[in-house]
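target23.tsv, holding TSV, C-alpha atoms and all ligand atoms:
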```tsv
chain	number	residue	atom	x	y	z
A	1425	MET	CA	0.00	0.00	0.00
A	1426	ASN	CA	1.01	3.59	-0.45
A	1427	GLU	CA	2.58	4.67	2.85
A	1428	MET	CA	1.29	8.18	2.39
A	1429	SER	CA	-2.34	7.19	1.92
A	1430	SER	CA	-4.72	8.44	4.58
A	1431	ASP	CA	-4.54	6.33	7.72
A	1432	MET	CA	-8.33	6.29	7.84
A	1433	SER	CA	-8.46	4.33	4.57
A	1434	SER	CA	-6.52	1.38	5.95
A	1435	PRO	CA	-8.57	-1.53	7.30
A	1436	GLY	CA	-5.88	-1.92	9.98
A	1437	MET	CA	-6.33	1.57	11.42
A	1438	PRO	CA	-9.33	0.84	13.69
A	1439	GLY	CA	-7.23	-1.96	15.20
A	1440	ILE	CA	-4.33	0.43	15.80
A	1441	ASP	CA	-6.79	2.90	17.34
A	1442	ARG	CA	-7.99	0.20	19.73
A	1443	LEU	CA	-4.44	-0.75	20.69
A	1444	MET	CA	-3.66	2.93	21.29
A	1445	ALA	CA	-6.94	3.78	23.04
A	1446	ARG	CA	-5.61	3.82	26.60
A	1447	GLY	CA	-2.52	5.85	25.76
A	1448	ALA	CA	-4.42	8.29	23.53
A	1449	ALA	CA	-7.07	8.83	26.22
A	1450	PHE	CA	-4.34	9.52	28.77
A	1451	LEU	CA	-2.65	12.08	26.50
A	1452	GLY	CA	-5.89	13.50	25.10
A	1453	THR	CA	-4.62	12.96	21.55
A	1454	ARG	CA	-5.60	11.19	18.33
A	1455	TYR	CA	-2.53	8.91	18.54
A	1456	ALA	CA	-0.68	7.49	21.54
A	1457	VAL	CA	2.59	8.87	20.19
A	1458	MET	CA	4.73	11.19	22.30
A	1459	GLY	CA	7.31	13.43	20.69
A	1460	GLY	CA	10.20	12.83	23.09
A	1461	ALA	CA	11.51	16.11	24.48
A	1462	MET	CA	14.84	17.02	22.87
A	1463	SER	CA	16.76	19.94	24.36
A	1464	TRP	CA	16.95	22.88	21.90
A	1465	VAL	CA	14.95	20.94	19.27
A	1466	SER	CA	11.64	20.50	21.11
A	1467	GLU	CA	10.58	24.13	21.29
A	1468	ARG	CA	7.26	25.69	20.33
A	1469	ASN	CA	7.41	25.00	16.58
A	1470	LEU	CA	8.07	21.27	16.64
A	1471	VAL	CA	5.93	20.71	19.74
A	1472	ALA	CA	2.91	22.48	18.25
A	1473	ALA	CA	3.39	20.76	14.88
A	1474	LEU	CA	3.40	17.33	16.53
A	1475	SER	CA	0.33	18.10	18.62
A	1476	ASN	CA	-1.48	19.51	15.58
A	1477	ALA	CA	-0.62	16.28	13.74
A	1478	GLY	CA	-2.40	14.17	16.37
A	1479	ALA	CA	0.68	13.24	18.40
A	1480	PHE	CA	1.70	14.67	21.78
A	1481	GLY	CA	4.44	17.30	21.59
A	1482	VAL	CA	6.60	17.80	24.68
A	1483	ILE	CA	8.62	20.97	25.35
A	1484	ALA	CA	12.18	20.26	26.53
A	1485	CYS	CA	12.74	22.66	29.41
A	1486	GLY	CA	16.40	21.62	29.80
A	1487	ALA	CA	18.28	24.38	31.59
A	1488	MET	CA	15.64	27.08	30.90
A	1489	GLU	CA	14.82	29.42	33.77
A	1490	PRO	CA	11.15	29.75	34.86
A	1491	ASP	CA	10.49	32.99	32.90
A	1492	ARG	CA	11.88	31.50	29.73
A	1493	LEU	CA	9.79	28.34	30.15
A	1494	ALA	CA	6.65	30.46	30.68
A	1495	GLN	CA	7.36	32.21	27.35
A	1496	GLU	CA	7.89	28.91	25.55
A	1497	ILE	CA	4.63	27.48	26.89
A	1498	ALA	CA	2.72	30.63	25.89
A	1499	GLY	CA	4.36	30.52	22.44
A	1500	THR	CA	3.28	26.90	22.01
A	1501	GLN	CA	-0.26	27.64	23.17
A	1502	ALA	CA	-0.43	30.33	20.50
A	1503	LEU	CA	0.38	27.71	17.83
A	1504	THR	CA	-1.86	24.84	18.94
A	1505	GLN	CA	-5.14	24.24	20.74
A	1506	LYS	CA	-4.17	20.59	21.23
A	1507	PRO	CA	-2.64	19.09	24.40
A	1508	PHE	CA	1.12	19.09	24.86
A	1509	GLY	CA	3.45	18.44	27.77
A	1510	VAL	CA	6.57	19.85	29.39
A	1511	ASN	CA	9.67	17.80	30.22
A	1512	LEU	CA	11.50	18.96	33.36
A	1513	ILE	CA	14.94	17.70	34.35
A	1514	THR	CA	14.74	16.66	38.02
A	1515	MET	CA	18.15	18.08	38.97
A	1516	HIS	CA	17.22	21.59	37.78
A	1517	PRO	CA	17.90	23.82	40.82
A	1518	ARG	CA	14.52	25.59	40.37
A	1519	LEU	CA	12.40	22.48	39.76
A	1520	ASP	CA	9.67	23.70	42.14
A	1521	GLN	CA	9.25	27.01	40.34
A	1522	LEU	CA	9.23	25.26	36.97
A	1523	VAL	CA	6.36	23.06	38.19
A	1524	ASP	CA	4.54	26.25	39.27
A	1525	VAL	CA	5.04	27.76	35.81
A	1526	CYS	CA	3.51	24.66	34.17
A	1527	LEU	CA	0.56	24.66	36.56
A	1528	GLU	CA	-0.12	28.37	36.12
A	1529	ALA	CA	-0.15	27.88	32.35
A	1530	LYS	CA	-2.52	24.90	32.75
A	1531	VAL	CA	-0.11	22.44	31.12
A	1532	GLY	CA	-1.89	19.09	31.39
A	1533	HIS	CA	1.11	16.75	31.60
A	1534	ILE	CA	4.51	17.16	33.27
A	1535	VAL	CA	7.22	14.67	32.33
A	1536	PHE	CA	10.00	14.34	34.92
A	1537	ALA	CA	13.28	13.20	33.37
A	1538	GLY	CA	16.92	12.77	34.30
A	1539	GLY	CA	16.38	10.90	37.57
A	1540	ILE	CA	13.78	9.94	40.12
A	1541	PRO	CA	11.72	13.07	40.90
A	1542	PRO	CA	11.45	14.21	44.51
A	1543	GLY	CA	8.10	13.10	46.03
A	1544	GLY	CA	7.23	16.75	46.70
A	1545	ALA	CA	7.44	17.61	42.99
A	1546	ILE	CA	5.09	14.75	42.00
A	1547	LYS	CA	2.62	15.73	44.73
A	1548	LYS	CA	2.71	19.40	43.81
A	1549	ALA	CA	2.18	18.70	40.10
A	1550	LYS	CA	-0.76	16.38	40.80
A	1551	GLU	CA	-2.41	18.66	43.34
A	1552	GLY	CA	-2.10	21.45	40.80
A	1553	GLY	CA	-4.11	19.39	38.31
A	1554	ALA	CA	-1.37	18.03	36.02
A	1555	LYS	CA	-0.80	14.41	35.13
A	1556	VAL	CA	2.68	13.17	35.96
A	1557	VAL	CA	4.82	11.05	33.66
A	1558	CYS	CA	8.10	9.55	34.92
A	1559	PHE	CA	10.96	7.59	33.34
A	1560	ALA	CA	11.37	4.10	34.80
A	1561	PRO	CA	14.81	2.54	34.26
A	1562	ALA	CA	13.97	-0.84	35.89
A	1563	LEU	CA	10.95	-2.82	37.18
A	1564	ALA	CA	11.51	-2.10	40.89
A	1565	LEU	CA	11.71	1.63	40.20
A	1566	ALA	CA	8.68	1.46	37.93
A	1567	LYS	CA	6.63	0.02	40.80
A	1568	LYS	CA	8.04	2.58	43.23
A	1569	LEU	CA	7.17	5.46	40.87
A	1570	VAL	CA	3.60	4.20	40.52
A	1571	ARG	CA	3.33	4.03	44.33
A	1572	SER	CA	4.70	7.59	44.50
A	1573	GLY	CA	1.87	8.80	42.24
A	1574	ALA	CA	3.19	8.64	38.67
A	1575	ASP	CA	0.17	8.59	36.33
A	1576	ALA	CA	2.14	7.05	33.45
A	1577	LEU	CA	5.64	5.77	32.78
A	1578	VAL	CA	8.10	5.97	29.91
A	1579	ILE	CA	10.61	3.18	29.53
A	1580	GLU	CA	13.52	4.17	27.33
A	1581	GLY	CA	15.96	1.65	25.90
A	1582	SER	CA	19.64	2.19	25.21
A	1583	GLU	CA	18.90	2.50	21.47
A	1584	ALA	CA	17.63	6.04	22.17
A	1585	GLY	CA	19.35	9.31	21.40
A	1586	GLY	CA	20.70	11.48	24.22
A	1587	HIS	CA	21.37	10.24	27.76
A	1588	ILE	CA	20.88	6.50	27.94
A	1589	GLY	CA	20.71	3.61	30.37
A	1590	PRO	CA	22.43	0.28	29.83
A	1591	VAL	CA	19.45	-1.90	28.79
A	1592	SER	CA	17.85	-2.19	25.33
A	1593	LEU	CA	14.13	-1.53	24.85
A	1594	THR	CA	13.63	-5.14	23.70
A	1595	VAL	CA	14.65	-6.32	27.16
A	1596	LEU	CA	13.15	-3.45	29.20
A	1597	ALA	CA	9.78	-4.03	27.52
A	1598	GLN	CA	9.81	-7.70	28.54
A	1599	GLU	CA	10.97	-6.82	32.04
A	1600	ILE	CA	8.37	-4.12	32.69
A	1601	LEU	CA	5.30	-4.33	30.40
A	1602	PRO	CA	3.85	-7.62	31.71
A	1603	HIS	CA	4.13	-6.43	35.32
A	1604	VAL	CA	2.91	-2.83	35.24
A	1605	ARG	CA	-0.79	-2.63	34.46
A	1606	ASP	CA	-1.99	0.12	36.81
A	1607	VAL	CA	-0.74	2.98	34.65
A	1608	PRO	CA	-0.13	3.39	30.91
A	1609	VAL	CA	3.46	2.65	29.88
A	1610	PHE	CA	5.01	4.35	26.83
A	1611	VAL	CA	8.09	2.83	25.22
A	1612	ALA	CA	11.00	4.73	23.68
A	1613	GLY	CA	14.31	4.08	21.99
A	1614	GLY	CA	15.11	3.08	18.45
A	1615	ILE	CA	11.58	3.32	17.07
A	1616	GLY	CA	11.59	4.59	13.51
A	1617	ARG	CA	8.76	2.74	11.75
A	1618	GLY	CA	5.13	1.81	12.31
A	1619	GLU	CA	5.83	-1.93	12.35
A	1620	ALA	CA	7.84	-1.45	15.55
A	1621	ILE	CA	5.06	0.68	17.03
A	1622	LEU	CA	2.58	-2.14	16.37
A	1623	SER	CA	4.83	-4.75	17.95
A	1624	TYR	CA	5.23	-2.78	21.20
A	1625	LEU	CA	1.49	-2.07	21.35
A	1626	GLU	CA	0.89	-5.81	20.99
A	1627	MET	CA	3.30	-6.41	23.87
A	1628	GLY	CA	1.14	-4.21	26.08
A	1629	ALA	CA	2.61	-0.73	25.66
A	1630	ALA	CA	-0.01	2.01	25.86
A	1631	GLY	CA	1.92	4.06	23.32
A	1632	VAL	CA	5.35	5.06	22.10
A	1633	GLN	CA	7.76	7.96	22.37
A	1634	LEU	CA	9.99	8.93	19.44
A	1635	GLY	CA	12.69	11.58	19.32
A	1636	THR	CA	15.20	11.05	16.51
A	1637	ARG	CA	12.52	10.43	13.88
A	1638	PHE	CA	11.13	13.96	14.43
A	1639	VAL	CA	14.39	15.95	14.31
A	1640	CYS	CA	14.13	16.48	10.54
A	1641	ALA	CA	10.49	17.56	10.60
A	1642	THR	CA	10.11	20.66	8.42
A	1643	GLU	CA	8.83	22.55	11.47
A	1644	SER	CA	11.89	21.63	13.58
A	1645	ILE	CA	14.18	24.63	14.03
A	1646	ALA	CA	17.31	22.46	14.16
A	1647	HIS	CA	20.09	23.92	11.99
A	1648	PRO	CA	20.13	22.61	8.40
A	1649	LYS	CA	23.60	21.11	9.04
A	1650	PHE	CA	22.24	19.24	12.09
A	1651	LYS	CA	19.41	17.86	9.94
A	1652	GLN	CA	21.90	16.93	7.18
A	1653	ALA	CA	23.91	14.91	9.71
A	1654	PHE	CA	20.73	13.00	10.59
A	1655	LEU	CA	19.84	12.42	6.93
A	1656	ARG	CA	23.33	10.99	6.31
A	1657	GLY	CA	23.63	9.06	9.60
A	1658	ASN	CA	23.27	5.30	9.96
A	1659	ALA	CA	22.38	3.24	13.03
A	1660	ARG	CA	26.06	2.32	13.43
A	1661	ASP	CA	27.14	5.97	13.56
A	1662	ALA	CA	25.00	6.68	16.65
A	1663	MET	CA	27.28	5.44	19.42
A	1664	PRO	CA	27.40	5.83	23.20
A	1665	THR	CA	30.11	8.00	24.74
A	1666	VAL	CA	33.43	6.24	25.26
A	1667	GLN	CA	34.70	6.18	28.86
A	1668	LEU	CA	38.48	5.86	29.11
A	1669	ASP	CA	38.98	5.06	32.77
A	1670	GLU	CA	36.51	3.73	35.33
A	1671	ARG	CA	37.89	6.09	37.98
A	1672	PHE	CA	36.46	8.92	35.88
A	1673	PRO	CA	32.91	7.90	34.95
A	1674	VAL	CA	31.23	9.63	32.05
A	1675	ILE	CA	27.47	9.78	31.58
A	1676	PRO	CA	26.65	7.68	28.51
A	1677	VAL	CA	25.12	9.74	25.71
A	1678	ARG	CA	24.25	8.26	22.32
A	1679	ALA	CA	25.32	10.59	19.51
A	1680	LEU	CA	26.62	10.56	15.94
A	1681	GLN	CA	30.39	10.28	15.91
A	1682	ASN	CA	32.26	13.43	14.85
A	1683	GLU	CA	35.44	15.41	15.62
A	1684	GLY	CA	34.01	16.24	19.06
A	1685	THR	CA	33.60	12.60	20.09
A	1686	LYS	CA	37.21	11.88	18.99
A	1687	ARG	CA	38.53	14.92	20.86
A	1688	PHE	CA	36.62	13.81	23.97
A	1689	VAL	CA	38.64	10.60	24.13
A	1690	GLU	CA	41.88	12.61	23.71
A	1691	HIS	CA	40.70	15.07	26.36
A	1692	GLN	CA	40.08	12.25	28.84
A	1693	ALA	CA	43.53	10.80	28.07
A	1694	LYS	CA	45.23	14.15	28.72
A	1695	VAL	CA	43.34	14.77	31.97
A	1696	LEU	CA	44.09	11.19	33.09
A	1697	ALA	CA	47.83	11.67	32.37
A	1698	ARG	CA	47.88	14.87	34.45
A	1699	PHE	CA	46.00	13.10	37.26
A	1700	LEU	CA	48.50	10.20	37.22
A	1701	ALA	CA	51.39	12.70	37.26
A	1702	GLY	CA	49.87	14.29	40.38
A	1703	GLU	CA	49.25	17.60	38.58
A	1704	VAL	CA	45.49	17.67	39.15
A	1705	ALA	CA	43.28	16.35	41.99
A	1706	LYS	CA	40.66	13.67	41.29
A	1707	ASP	CA	37.61	15.93	41.77
A	1708	ALA	CA	39.05	18.67	39.58
A	1709	ALA	CA	39.95	16.11	36.91
A	1710	GLN	CA	36.39	14.73	36.97
A	1711	LEU	CA	35.00	18.24	36.53
A	1712	GLU	CA	37.35	18.94	33.62
A	1713	ILE	CA	36.04	15.81	31.93
A	1714	GLU	CA	32.40	16.70	32.59
A	1715	HIS	CA	32.81	20.27	31.35
A	1716	PHE	CA	33.97	19.12	27.94
A	1717	TRP	CA	30.43	18.83	26.58
A	1718	ALA	CA	28.99	21.97	28.23
A	1719	GLY	CA	26.88	23.82	25.65
A	1720	ALA	CA	27.77	21.26	22.97
A	1721	LEU	CA	24.19	20.28	22.03
A	1722	ARG	CA	23.23	23.91	21.56
A	1723	ARG	CA	26.29	24.49	19.37
A	1724	ALA	CA	25.24	21.65	17.08
A	1725	VAL	CA	21.44	22.16	17.02
A	1726	ILE	CA	21.33	25.96	16.91
A	1727	ASP	CA	24.72	27.09	15.54
A	1728	GLY	CA	25.19	24.15	13.16
A	1729	ASP	CA	28.65	23.23	14.49
A	1730	VAL	CA	28.34	19.57	13.53
A	1731	GLU	CA	32.07	18.91	13.88
A	1732	GLN	CA	32.67	19.92	17.50
A	1733	GLY	CA	29.10	20.05	18.83
A	1734	SER	CA	27.08	17.12	20.19
A	1735	LEU	CA	24.99	15.27	17.60
A	1736	MET	CA	22.75	13.37	20.03
A	1737	ALA	CA	20.84	10.80	17.96
A	1738	GLY	CA	19.27	7.40	18.44
A	1739	GLN	CA	19.96	4.25	16.43
A	1740	SER	CA	16.76	4.93	14.50
A	1741	VAL	CA	18.65	7.75	12.74
A	1742	GLY	CA	19.13	5.44	9.74
A	1743	MET	CA	15.36	5.56	9.23
A	1744	VAL	CA	15.29	9.34	8.84
A	1745	GLY	CA	15.16	9.64	5.06
A	1746	LYS	CA	14.11	13.20	4.26
A	1747	GLU	CA	12.93	16.47	5.70
A	1748	GLN	CA	9.11	16.35	5.77
A	1749	PRO	CA	6.24	17.94	7.71
A	1750	ALA	CA	5.43	16.43	11.11
A	1751	ALA	CA	1.94	15.50	9.87
A	1752	GLU	CA	3.49	13.54	6.99
A	1753	ILE	CA	5.83	11.65	9.35
A	1754	MET	CA	2.87	10.78	11.57
A	1755	ALA	CA	0.76	9.66	8.59
A	1756	GLU	CA	3.64	7.47	7.39
A	1757	LEU	CA	4.15	5.85	10.81
A	1758	MET	CA	0.45	5.17	11.28
A	1759	ALA	CA	0.06	3.80	7.75
A	1760	GLN	CA	3.00	1.42	8.36
A	1761	ALA	CA	1.48	0.24	11.65
A	1762	ALA	CA	-1.95	-0.27	10.10
A	1763	ALA	CA	-0.51	-2.10	7.06
A	1764	ALA	CA	1.50	-4.37	9.36
A	1765	LEU	CA	-1.67	-5.21	11.30
A	1766	ASP	CA	-3.52	-5.97	8.04
A	1767	ALA	CA	-0.71	-8.25	6.90
A	1768	ARG	CA	-0.69	-10.10	10.22
A	1769	ARG	CA	-4.45	-10.66	10.09
A	1770	ALA	CA	-4.22	-11.94	6.50
A	1771	GLN	CA	-1.46	-14.32	7.56
A	1772	MET	CA	-3.54	-15.61	10.50
A	1773	ASN	CA	-6.61	-16.10	8.29
A	1774	ASN	CA	-4.58	-18.07	5.76
A	1775	SER	CA	-2.97	-20.42	8.24
B	1	LIG	C1	18.92	15.55	20.28
B	1	LIG	C2	18.23	14.86	21.44
B	1	LIG	C3	18.04	15.59	22.63
B	1	LIG	C4	17.36	14.98	23.71
B	1	LIG	N1	17.13	15.71	24.85
B	1	LIG	C5	16.38	15.17	25.85
B	1	LIG	C6	16.03	15.96	26.98
B	1	LIG	O1	16.37	17.13	27.07
B	1	LIG	N2	15.27	15.37	27.95
B	1	LIG	C7	14.85	14.06	27.85
B	1	LIG	O2	14.16	13.58	28.76
B	1	LIG	N3	15.16	13.30	26.78
B	1	LIG	C8	15.90	13.84	25.78
B	1	LIG	N4	16.16	13.09	24.66
B	1	LIG	C9	15.52	11.73	24.52
B	1	LIG	C10	14.15	11.84	23.79
B	1	LIG	O3	13.20	12.52	24.55
B	1	LIG	C11	13.57	10.45	23.45
B	1	LIG	O4	13.23	9.73	24.61
B	1	LIG	C12	14.51	9.62	22.61
B	1	LIG	O5	14.97	10.41	21.53
B	1	LIG	C13	13.79	8.37	22.10
B	1	LIG	O6	14.64	7.56	21.36
B	1	LIG	P1	14.84	7.72	19.75
B	1	LIG	O7	15.70	8.92	19.59
B	1	LIG	O8	15.51	6.46	19.37
B	1	LIG	O9	13.48	7.90	19.15
B	1	LIG	C14	16.88	13.64	23.60
B	1	LIG	C15	17.10	12.93	22.39
B	1	LIG	C16	17.75	13.54	21.32
B	1	LIG	C17	17.93	12.75	20.03
```
Using structure tokens, write down the structure that the file contains.
Amino acid sequence: MNEMSSDMSSPGMPGIDRLMARGAAFLGTRYAVMGGAMSWVSERNLVAALSNAGAFGVIACGAMEPDRLAQEIAGTQALTQKPFGVNLITMHPRLDQLVDVCLEAKVGHIVFAGGIPPGGAIKKAKEGGAKVVCFAPALALAKKLVRSGADALVIEGSEAGGHIGPVSLTVLAQEILPHVRDVPVFVAGGIGRGEAILSYLEMGAAGVQLGTRFVCATESIAHPKFKQAFLRGNARDAMPTVQLDERFPVIPVRALQNEGTKRFVEHQAKVLARFLAGEVAKDAAQLEIEHFWAGALRRAVIDGDVEQGSLMAGQSVGMVGKEQPAAEIMAELMAQAAAALDARRAQMNNS
């Protein structure tokens, strides 16, 4: 079938709608598809475009201060009437005020990322009327987050772009989906086509979250050179950060390899040599290593410095084929999922 044909015309689409019903009802959207928050990329234009296309856009607050976040939310509200969410990083020093900003602007869903949110933040968000979404890196934590009040969970496999855990989505899905039924669970990491969306829905996911696949949306403000890097990139180019010495841990980030990733290894080697020569203390050496990437995502996404900046990307980058409107990407994904469901039914009927 033509992948661009209207999703409504596919006999498989009502089945996809049923599989997505719980997730879509939770998000208040046509599709149970979240646009994973991407720092610098997920601002008003992409977020509104995704929500207008029936998905659920999520603003990446990142390091924004409360005033700046309030502006971004208002800017998004001016571009869409549809629901969208805000992703807050739990270690932000002004997390409480950021929650207040979301509540004042009547944002319906707050996604806490980057660690287990403090209980107070979950409580405050819920009492203020927002639904709370948390990232669960393992089954025990998933259960704990549900007990703490999370209304939905995202499980993100190591195939994803950006900061990653050690376990693939294939395994995390088996570990968590059969055992968490009280809240909807969205799955993320490495999803680039509708067939994969269908398979996770069949495993019990309420919906999916995609990041990499949306970077080259026409509405995304990412620099043309950043988009070019995604259009050229293959799954094998999107690698986790290399750590040179276990005494100096680095946070694993999956990104396209470039001059910056090579220089980072050299940088670690130089700092390590100075540490071994007694020229720099351990804490200071660790900080020097951590500071290497400061501002690097912004340099790549906004300034287009694709050589030295950070090209955070998931393994699904190989499935990003062209720049196209968010609505077209969504139509393509849904058509693939519906066609896959049709094919499966035909196969079952023939056997
Ligand atoms: C460029 C980039 C920046 C990201 N920034 C964030 C972020 O600020 N906060 C966050 O929770 N996740 C961030 N992510 C992860 C996405 O929200 C999403 O979970 C991930 O991209 C899903 O995997 P996929 O890229 O394979 O689709 C980022 C991902 C990318 C590619």
**Asked** Using only C-alpha atoms and all ligand atoms, what are the residues with an atom within 9 Å of ligand LIG 1 (chain B), set out as JSON, numbers by chain?
**Response** {"A": [1458, 1459, 1460, 1461, 1462, 1463, 1464, 1465, 1466, 1482, 1483, 1484, 1485, 1486, 1487, 1511, 1512, 1513, 1535, 1536, 1537, 1538, 1559, 1578, 1579, 1580, 1581, 1582, 1583, 1584, 1585, 1586, 1587, 1588, 1611, 1612, 1613, 1614, 1615, 1616, 1633, 1634, 1635, 1636, 1637, 1638, 1639, 1678, 1679, 1721, 1725, 1734, 1735, 1736, 1737, 1738, 1739, 1740, 1741]}
**Item:** Coordinates-based distance that separates atom CA of Arg1617 of chain A from atom CA of Glu1752 of chain A (Å, one decimal)
**Value:** 12.9 Å
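In this structure, atom CA of Val1674 of chain A sits 9.8 Å away from atom CA of Gln1692 of chain A.
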Leu1451 of chain A: which residues within 8 Å, counting all atoms listed in the file, same-chain residues fewer than 2 positions away excluded, as a PDB file with C-alpha atoms, in the frame of the given file?
```
ATOM      1  CA  GLY A1447      -2.520   5.850  25.760  1.00  0.00           C
ATOM      2  CA  ALA A1448      -4.420   8.290  23.530  1.00  0.00           C
ATOM      3  CA  ALA A1449      -7.070   8.830  26.220  1.00  0.00           C
ATOM      4  CA  THR A1453      -4.620  12.960  21.550  1.00  0.00           C
ATOM      5  CA  ALA A1456      -0.680   7.490  21.540  1.00  0.00           C
ATOM      6  CA  PHE A1480       1.700  14.670  21.780  1.00  0.00           C
ATOM      7  CA  PRO A1507      -2.640  19.090  24.400  1.00  0.00           C
ATOM      8  CA  HIS A1533       1.110  16.750  31.600  1.00  0.00           C
TER       9      HIS A1533
END
```
**Request:** Please indicate the distance in Å from atom CA of Pro1673 of chain A to atom CA of Asp1661 of chain A, rounded to one decimal place.
**Result:** 22.2 Å
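Between Lys1550 of chain A and the residues A:Val1632, A:Ala1751, A:Leu1765, A:Cys1526, the shortest atom-to-atom distance, using only C-alpha atoms, involves A:Cys1526.
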**Asked** Which of these, A:Gly1499, A:Gly1702, A:Pro1517, A:Pro1608, has the shortest distance to Phe1450 of chain A once you count only C-alpha atoms?
**Response** A:Pro1608
Could you pull out every residue with an atom within 9 Å of (24.6, 21.9, 18.4), file coordinates, counting only C-alpha atoms, and send them as an mmCIF file with C-alpha atoms, in the frame of the given file?
```
data_model
loop_
_atom_site.group_PDB
_atom_site.id
_atom_site.type_symbol
_atom_site.label_atom_id
_atom_site.label_comp_id
_atom_site.auth_asym_id
_atom_site.auth_seq_id
_atom_site.Cartn_x
_atom_site.Cartn_y
_atom_site.Cartn_z
ATOM 1 C CA TRP A 1464 16.950 22.880 21.900
ATOM 2 C CA ALA A 1646 17.310 22.460 14.160
ATOM 3 C CA HIS A 1647 20.090 23.920 11.990
ATOM 4 C CA PHE A 1650 22.240 19.240 12.090
ATOM 5 C CA GLY A 1719 26.880 23.820 25.650
ATOM 6 C CA ALA A 1720 27.770 21.260 22.970
ATOM 7 C CA LEU A 1721 24.190 20.280 22.030
ATOM 8 C CA ARG A 1722 23.230 23.910 21.560
ATOM 9 C CA ARG A 1723 26.290 24.490 19.370
ATOM 10 C CA ALA A 1724 25.240 21.650 17.080
ATOM 11 C CA VAL A 1725 21.440 22.160 17.020
ATOM 12 C CA ILE A 1726 21.330 25.960 16.910
ATOM 13 C CA ASP A 1727 24.720 27.090 15.540
ATOM 14 C CA GLY A 1728 25.190 24.150 13.160
ATOM 15 C CA ASP A 1729 28.650 23.230 14.490
ATOM 16 C CA VAL A 1730 28.340 19.570 13.530
ATOM 17 C CA GLN A 1732 32.670 19.920 17.500
ATOM 18 C CA GLY A 1733 29.100 20.050 18.830
ATOM 19 C CA SER A 1734 27.080 17.120 20.190
ATOM 20 C CA LEU A 1735 24.990 15.270 17.600
ATOM 21 C CA MET A 1736 22.750 13.370 20.030
#
```
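Here the question is which of A:Ala1709, A:Met1627, A:Leu1680, A:Leu1757 gets nearest to Val1695 of chain A using all atoms listed in the file, and that residue is A:Ala1709.
Minimum atom-to-atom distances from A:Ala1529, A:Val1604, A:Ala1693, A:Val1744 to Ala1564 of chain A were compared using only C-alpha atoms, and the lowest value belongs to A:Val1604.
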**Message:** Here is a test: counting only C-alpha atoms, which residue of A:Glu1731, A:Phe1688, A:Gly1742, A:Lys1548 is nearest to Asn1658 of chain A?
**Reply:** A:Gly1742
**Request:** Give as number ranges by chain the set of residues within 8 Å of the point (-3.6, -3.5, 16.8), where distances use the file's coordinates and only C-alpha atoms.
**Result:** A: 1436-1444, 1622, 1625-1626, 1762, 1765
**Request:** Compare A:His1516, A:Ala1566, A:Glu1643, A:Ser1572 by their minimum atom-to-atom distance to Ser1475 of chain A, counting only C-alpha atoms, and give me the closest one.
**Result:** A:Glu1643
**Request:** For Leu1569 of chain A, work out the shell of residues within 9 Å, counting all atoms listed in the file and skipping chain neighbours fewer than 2 positions away, then give it as a list in words.
**Result:** Ile1540, Pro1541, Cys1558, Phe1559, Ala1560, Ala1564, Leu1565, Ala1566, Lys1567, Arg1571, Ser1572, Gly1573, Ala1574, Asp1575 and Leu1577 of chain A
**Item:** Distance query Ile1534 of chain A at most 7 Å, all atoms listed in the file, self and fewer than 2 positions along chain excluded, as a PyMOL selection string
**Value:** chain A and resi 1509-1511+1532+1536+1554-1557
What would segment 1434-1443 of chain A look like with N, CA and C atoms in place, written as a compact mmCIF listing (two decimals), in the frame of the given file?
```
# COMPACT_ATOMS: atom_id res chain seq x y z
N SER A 1434 -7.07 2.71 5.75
CA SER A 1434 -6.52 1.38 5.95
C SER A 1434 -7.42 0.56 6.86
N PRO A 1435 -7.74 -0.69 6.44
CA PRO A 1435 -8.57 -1.53 7.30
C PRO A 1435 -7.91 -1.79 8.66
N GLY A 1436 -6.58 -1.66 8.72
CA GLY A 1436 -5.88 -1.92 9.98
C GLY A 1436 -5.99 -0.79 10.99
N MET A 1437 -6.39 0.41 10.52
CA MET A 1437 -6.33 1.57 11.42
C MET A 1437 -7.25 1.47 12.64
N PRO A 1438 -8.50 0.97 12.47
CA PRO A 1438 -9.33 0.84 13.69
C PRO A 1438 -8.66 -0.07 14.73
N GLY A 1439 -7.94 -1.08 14.27
CA GLY A 1439 -7.23 -1.96 15.20
C GLY A 1439 -6.12 -1.21 15.92
N ILE A 1440 -5.40 -0.38 15.18
CA ILE A 1440 -4.33 0.43 15.80
C ILE A 1440 -4.96 1.39 16.81
N ASP A 1441 -6.09 1.99 16.42
CA ASP A 1441 -6.79 2.90 17.34
C ASP A 1441 -7.15 2.19 18.64
N ARG A 1442 -7.62 0.94 18.51
CA ARG A 1442 -7.99 0.20 19.73
C ARG A 1442 -6.77 -0.07 20.60
N LEU A 1443 -5.67 -0.47 19.92
CA LEU A 1443 -4.44 -0.75 20.69
C LEU A 1443 -3.90 0.51 21.36
```
